[in-house]
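Undergrad: One file is attached below, protein-v3.cif, containing mmCIF, C-alpha atoms and all ligand atoms.
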```cif
data_entry
loop_
_atom_site.label_atom_id
_atom_site.label_comp_id
_atom_site.auth_asym_id
_atom_site.auth_seq_id
_atom_site.Cartn_x
_atom_site.Cartn_y
_atom_site.Cartn_z
CA MET A 1 -24.01 12.18 -30.35
CA ILE A 2 -21.67 9.20 -30.13
CA LEU A 3 -18.80 9.69 -32.57
CA TYR A 4 -16.84 6.48 -32.05
CA CYS A 5 -17.83 2.83 -32.19
CA ARG A 6 -18.24 1.47 -28.66
CA ALA A 7 -16.96 -1.96 -29.79
CA CYS A 8 -13.82 -1.21 -31.80
CA GLY A 9 -13.29 2.50 -31.20
CA SER A 10 -13.26 3.45 -34.90
CA PRO A 11 -14.79 6.80 -35.78
CA PHE A 12 -18.17 6.59 -37.49
CA ARG A 13 -18.18 7.79 -41.08
CA GLU A 14 -19.39 11.33 -41.80
CA PRO A 15 -22.06 12.46 -42.24
CA LEU A 16 -23.20 10.88 -38.99
CA ALA A 17 -26.50 9.08 -39.46
CA ASN A 18 -28.82 7.65 -36.84
CA PRO A 19 -28.53 4.69 -36.49
CA ARG A 20 -24.84 4.42 -37.46
CA ALA A 21 -23.27 1.17 -38.64
CA CYS A 22 -19.59 0.44 -38.07
CA ALA A 23 -17.51 -1.79 -40.38
CA CYS A 24 -17.05 -4.15 -37.41
CA GLY A 25 -20.77 -4.95 -37.43
CA VAL A 26 -21.89 -2.89 -34.45
CA THR A 27 -24.75 -0.43 -34.84
CA ASP A 28 -25.13 2.61 -32.59
CA ARG A 29 -27.95 5.07 -32.24
CA ASP A 30 -28.77 8.23 -30.36
CA ASN A 31 -31.31 7.62 -27.65
CA PRO A 32 -33.51 10.37 -26.29
CA ILE A 33 -32.21 12.13 -23.21
CA ALA A 34 -34.93 12.66 -20.68
CA ARG A 35 -34.66 15.40 -18.11
CA VAL A 36 -37.08 16.31 -15.41
CA ALA A 37 -37.62 19.93 -14.43
CA VAL A 38 -39.66 20.91 -11.41
CA LEU A 39 -42.03 23.80 -11.14
CA VAL A 40 -42.01 24.88 -7.50
CA PRO A 41 -44.55 27.65 -6.76
CA VAL A 42 -43.18 30.23 -4.34
CA GLU A 43 -45.27 33.29 -3.45
CA ASN A 44 -46.72 34.37 -6.81
CA GLY A 45 -43.78 33.03 -8.77
CA VAL A 46 -41.78 29.90 -9.40
CA LEU A 47 -38.37 28.80 -8.20
CA VAL A 48 -35.54 28.98 -10.75
CA VAL A 49 -31.78 28.53 -10.84
CA ARG A 50 -29.09 30.20 -12.90
CA ARG A 51 -26.68 27.63 -14.25
CA GLY A 52 -22.94 28.07 -14.40
CA GLY A 53 -20.23 25.56 -15.19
CA ALA A 54 -19.33 23.92 -18.45
CA GLY A 55 -22.88 23.13 -19.56
CA GLY A 56 -24.26 26.36 -18.17
CA SER A 57 -25.19 29.35 -20.19
CA GLY A 58 -26.03 31.84 -17.48
CA HIS A 59 -29.68 31.25 -18.32
CA LEU A 60 -32.34 30.75 -15.72
CA SER A 61 -34.08 27.42 -15.67
CA LEU A 62 -36.26 25.27 -13.50
CA PRO A 63 -34.31 23.05 -11.11
CA GLY A 64 -34.18 19.34 -11.87
CA GLY A 65 -31.99 16.61 -13.28
CA PHE A 66 -31.71 13.70 -15.64
CA VAL A 67 -34.06 10.75 -15.49
CA GLU A 68 -31.89 7.80 -14.56
CA THR A 69 -32.61 4.17 -13.94
CA PRO A 70 -33.41 2.56 -11.61
CA GLN A 71 -35.05 5.58 -10.00
CA THR A 72 -38.54 6.78 -10.83
CA TRP A 73 -38.95 10.25 -12.33
CA PRO A 74 -40.34 11.74 -9.10
CA GLU A 75 -37.27 10.43 -7.27
CA ASP A 76 -35.00 11.90 -9.95
CA ALA A 77 -36.90 15.16 -9.73
CA ALA A 78 -36.57 15.38 -5.95
CA ARG A 79 -32.88 14.46 -6.07
CA GLY A 80 -32.19 17.07 -8.76
CA VAL A 81 -34.06 19.82 -6.94
CA CYS A 82 -32.27 19.02 -3.70
CA SER A 83 -28.81 19.07 -5.27
CA GLU A 84 -29.51 22.32 -7.14
CA THR A 85 -31.50 24.32 -4.61
CA GLY A 86 -31.08 22.66 -1.21
CA LEU A 87 -34.82 22.12 -1.10
CA ASP A 88 -36.09 18.77 0.18
CA LEU A 89 -39.15 17.60 -1.75
CA ASP A 90 -41.17 14.48 -1.12
CA PRO A 91 -41.31 12.60 -4.47
CA ALA A 92 -44.86 11.48 -3.61
CA THR A 93 -46.07 15.10 -3.73
CA LEU A 94 -44.88 15.72 -7.32
CA THR A 95 -47.36 15.63 -10.18
CA LEU A 96 -46.82 15.61 -13.92
CA TYR A 97 -47.39 19.10 -15.32
CA ASP A 98 -46.08 19.11 -18.89
CA LEU A 99 -43.78 17.47 -21.40
CA VAL A 100 -41.63 19.81 -23.45
CA ALA A 101 -39.54 19.16 -26.56
CA ARG A 102 -38.05 21.50 -29.11
CA ASP A 103 -37.60 20.94 -32.84
CA TRP A 104 -33.96 21.89 -32.71
CA ARG A 105 -33.25 19.37 -29.97
CA PRO A 106 -35.74 16.56 -30.51
CA ALA A 107 -33.74 14.01 -28.51
CA HIS A 108 -33.93 16.14 -25.38
CA ALA A 109 -37.37 15.80 -23.87
CA VAL A 110 -38.08 17.59 -20.63
CA LEU A 111 -40.69 16.24 -18.30
CA VAL A 112 -42.03 19.08 -16.18
CA ALA A 113 -43.23 18.15 -12.70
CA LYS A 114 -45.10 20.37 -10.30
CA ALA A 115 -44.45 20.56 -6.57
CA PRO A 116 -46.83 21.84 -3.88
CA PRO A 117 -46.52 25.58 -3.13
CA LEU A 118 -43.54 26.35 -0.96
CA VAL A 119 -43.76 28.45 2.19
CA GLU A 120 -40.13 28.77 3.12
CA LEU A 121 -36.87 28.36 1.23
CA PRO A 122 -33.91 26.67 2.91
CA ARG A 123 -30.48 28.30 2.93
CA PHE A 124 -28.67 28.28 -0.38
CA THR A 125 -24.97 28.57 -1.11
CA PRO A 126 -24.04 29.30 -4.73
CA ASN A 127 -21.66 26.83 -6.33
CA GLU A 128 -19.95 26.15 -9.65
CA ASP A 129 -23.03 24.56 -11.22
CA ILE A 130 -25.72 26.79 -9.75
CA VAL A 131 -24.53 30.36 -9.43
CA GLU A 132 -27.83 31.87 -8.34
CA ARG A 133 -31.24 30.84 -7.05
CA GLY A 134 -34.32 32.98 -7.31
CA ILE A 135 -37.97 33.44 -8.16
CA VAL A 136 -39.44 34.39 -11.52
CA TYR A 137 -42.74 36.28 -11.64
CA GLY A 138 -45.14 37.37 -14.33
CA SER A 139 -46.82 35.85 -17.34
CA ARG A 140 -44.28 37.29 -19.75
CA ALA A 141 -41.43 35.33 -18.22
CA ARG A 142 -41.51 33.28 -21.39
CA SER A 143 -40.28 36.06 -23.64
CA ARG A 144 -37.35 36.89 -21.41
CA LEU A 145 -36.36 33.29 -20.85
CA LEU A 146 -37.29 31.88 -24.22
CA LEU A 147 -33.94 30.28 -24.81
CA ASP A 148 -34.36 27.80 -22.03
CA VAL A 149 -36.41 24.79 -22.94
CA ASP A 150 -37.21 24.15 -19.30
CA LEU A 151 -39.09 27.41 -18.99
CA THR A 152 -41.40 26.98 -21.96
CA GLY A 153 -44.37 26.08 -19.82
CA ILE A 154 -43.95 28.84 -17.25
CA GLY A 155 -45.89 31.44 -19.22
CA ASP A 156 -48.86 29.11 -19.44
CA TYR A 157 -48.62 28.44 -15.73
CA PHE A 158 -48.84 32.14 -14.90
CA ASP A 159 -51.57 32.73 -17.47
CA ALA A 160 -53.69 29.96 -15.99
CA ARG A 161 -53.44 31.64 -12.58
CA HIS A 162 -54.05 35.13 -13.95
CA LEU A 163 -50.65 36.21 -12.64
CA SER A 164 -50.05 38.69 -15.41
CA GLY A 165 -47.52 41.49 -15.65
CA PRO A 166 -43.97 41.88 -16.83
CA SER A 167 -41.52 39.16 -16.03
CA ALA A 168 -39.22 39.75 -13.13
CA PHE A 169 -36.48 37.86 -11.39
CA ARG A 170 -35.64 38.18 -7.72
CA PRO A 171 -32.70 36.33 -6.13
CA ALA A 172 -33.87 34.16 -3.24
ZN ZN B 201 -16.75 -0.88 -34.68
#
```
Using structure tokens, write down the structure that the file contains.

TA:
Amino acid sequence: MILYCRACGSPFREPLANPRACACGVTDRDNPIARVAVLVPVENGVLVVRRGGAGGSGHLSLPGGFVETPQTWPEDAARGVCSETGLDLDPATLTLYDLVARDWRPAHAVLVAKAPPLVELPRFTPNEDIVERGIVYGSRARSRLLLDVDLTGIGDYFDARHLSGPSAFRPA
């Protein structure tokens, strides 16, 4: 949320409304933040990353990135996956799989893309942002990883493929 007027720099009055009007005449509003997460099938599971860094929580999530102009969402998706996992995806091979939003964070919509099944993973070196890469298996992945909005659709994905069983994570 933007706390200060972008024109004059004055703080907006509490409680912060949306849109917010400043005494100088400028109105600001919170725009939705769109992210794209990519479901990459590997073996009988899907590729995930464990985030570190300031915005990280240690949770597992699908790789991806923010949707930014002037790129298209498949380009953003491929760029995000490459920077987070080292995997080179062709944007043209990505399809739209789901769109996920949560009540508690309505301005953060996550577009979930699906990549073709992967045969081989490239080398991966952990870094500050991505501390671990791996594969999640099992239809009950959802319960274990419930806190991550990106993973909401994973349970359905496994269910649809009859890949049942307890959730498991294997570093890869
Ligand atoms: Zn102002």

Undergrad: Anything within 12 Å of (-25.9, -1.5, -34.4): list those residues as a PDB file with C-alpha atoms, in the coordinates of the input, counting all atoms listed in the file and sticking to the file's coordinates.

TA:
```
ATOM      1  CA  CYS A   5     -17.830   2.830 -32.190  1.00  0.00           C
ATOM      2  CA  ARG A   6     -18.240   1.470 -28.660  1.00  0.00           C
ATOM      3  CA  ALA A   7     -16.960  -1.960 -29.790  1.00  0.00           C
ATOM      4  CA  PHE A  12     -18.170   6.590 -37.490  1.00  0.00           C
ATOM      5  CA  ALA A  17     -26.500   9.080 -39.460  1.00  0.00           C
ATOM      6  CA  ASN A  18     -28.820   7.650 -36.840  1.00  0.00           C
ATOM      7  CA  PRO A  19     -28.530   4.690 -36.490  1.00  0.00           C
ATOM      8  CA  ARG A  20     -24.840   4.420 -37.460  1.00  0.00           C
ATOM      9  CA  ALA A  21     -23.270   1.170 -38.640  1.00  0.00           C
ATOM     10  CA  CYS A  22     -19.590   0.440 -38.070  1.00  0.00           C
ATOM     11  CA  ALA A  23     -17.510  -1.790 -40.380  1.00  0.00           C
ATOM     12  CA  CYS A  24     -17.050  -4.150 -37.410  1.00  0.00           C
ATOM     13  CA  GLY A  25     -20.770  -4.950 -37.430  1.00  0.00           C
ATOM     14  CA  VAL A  26     -21.890  -2.890 -34.450  1.00  0.00           C
ATOM     15  CA  THR A  27     -24.750  -0.430 -34.840  1.00  0.00           C
ATOM     16  CA  ASP A  28     -25.130   2.610 -32.590  1.00  0.00           C
ATOM     17  CA  ARG A  29     -27.950   5.070 -32.240  1.00  0.00           C
ATOM     18  CA  ASP A  30     -28.770   8.230 -30.360  1.00  0.00           C
TER      19      ASP A  30
END
```

Undergrad: Name the residues in contact with Asp90 (chain A) at a cut-off of 12 Å, using all atoms listed in the file, excluding same-chain residues fewer than 6 positions from it; report them as a PyMOL selection string.

TA: chain A and resi 74-79+81-82+114-116

Undergrad: What's the separation between CA of Phe124 (chain A) and CA of Ala37 (chain A), in Å to one decimal place?

TA: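 Result for CA of Phe124 (chain A) versus CA of Ala37 (chain A): 18.6 Å, one decimal.
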
Undergrad: What gap, in Å, lies between CA of Tyr137 (chain A) and CA of Glu43 (chain A)?

TA: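 Separating CA of Tyr137 (chain A) from CA of Glu43 (chain A) is a distance of 9.1 Å.
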
Undergrad: I'd like to know which of A:Val49, A:Leu99, A:Asn44, A:His108 is closest to Ser164 (chain A), using only C-alpha atoms.

TA: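 So, comparing all the options, the nearest one is A:Asn44.
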
Undergrad: Could you tell me which of A:Ser83, A:Asn31, A:Thr95, A:Ser167 comes closest to Val112 (chain A) if we count all atoms listed in the file?

TA: A:Thr95

Undergrad: Enter the distance from CA of Val67 (chain A) to CA of Val48 (chain A), in Å, rounded to one decimal.

TA: 18.9 Å

Undergrad: Please determine, counting all atoms listed in the file, which residue among A:Val136, A:Ala172, A:Gly9, A:Asp88 has the shortest atom-to-atom distance to Val46 (chain A).

TA: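 The closest residue to Val46 (chain A) is A:Val136.
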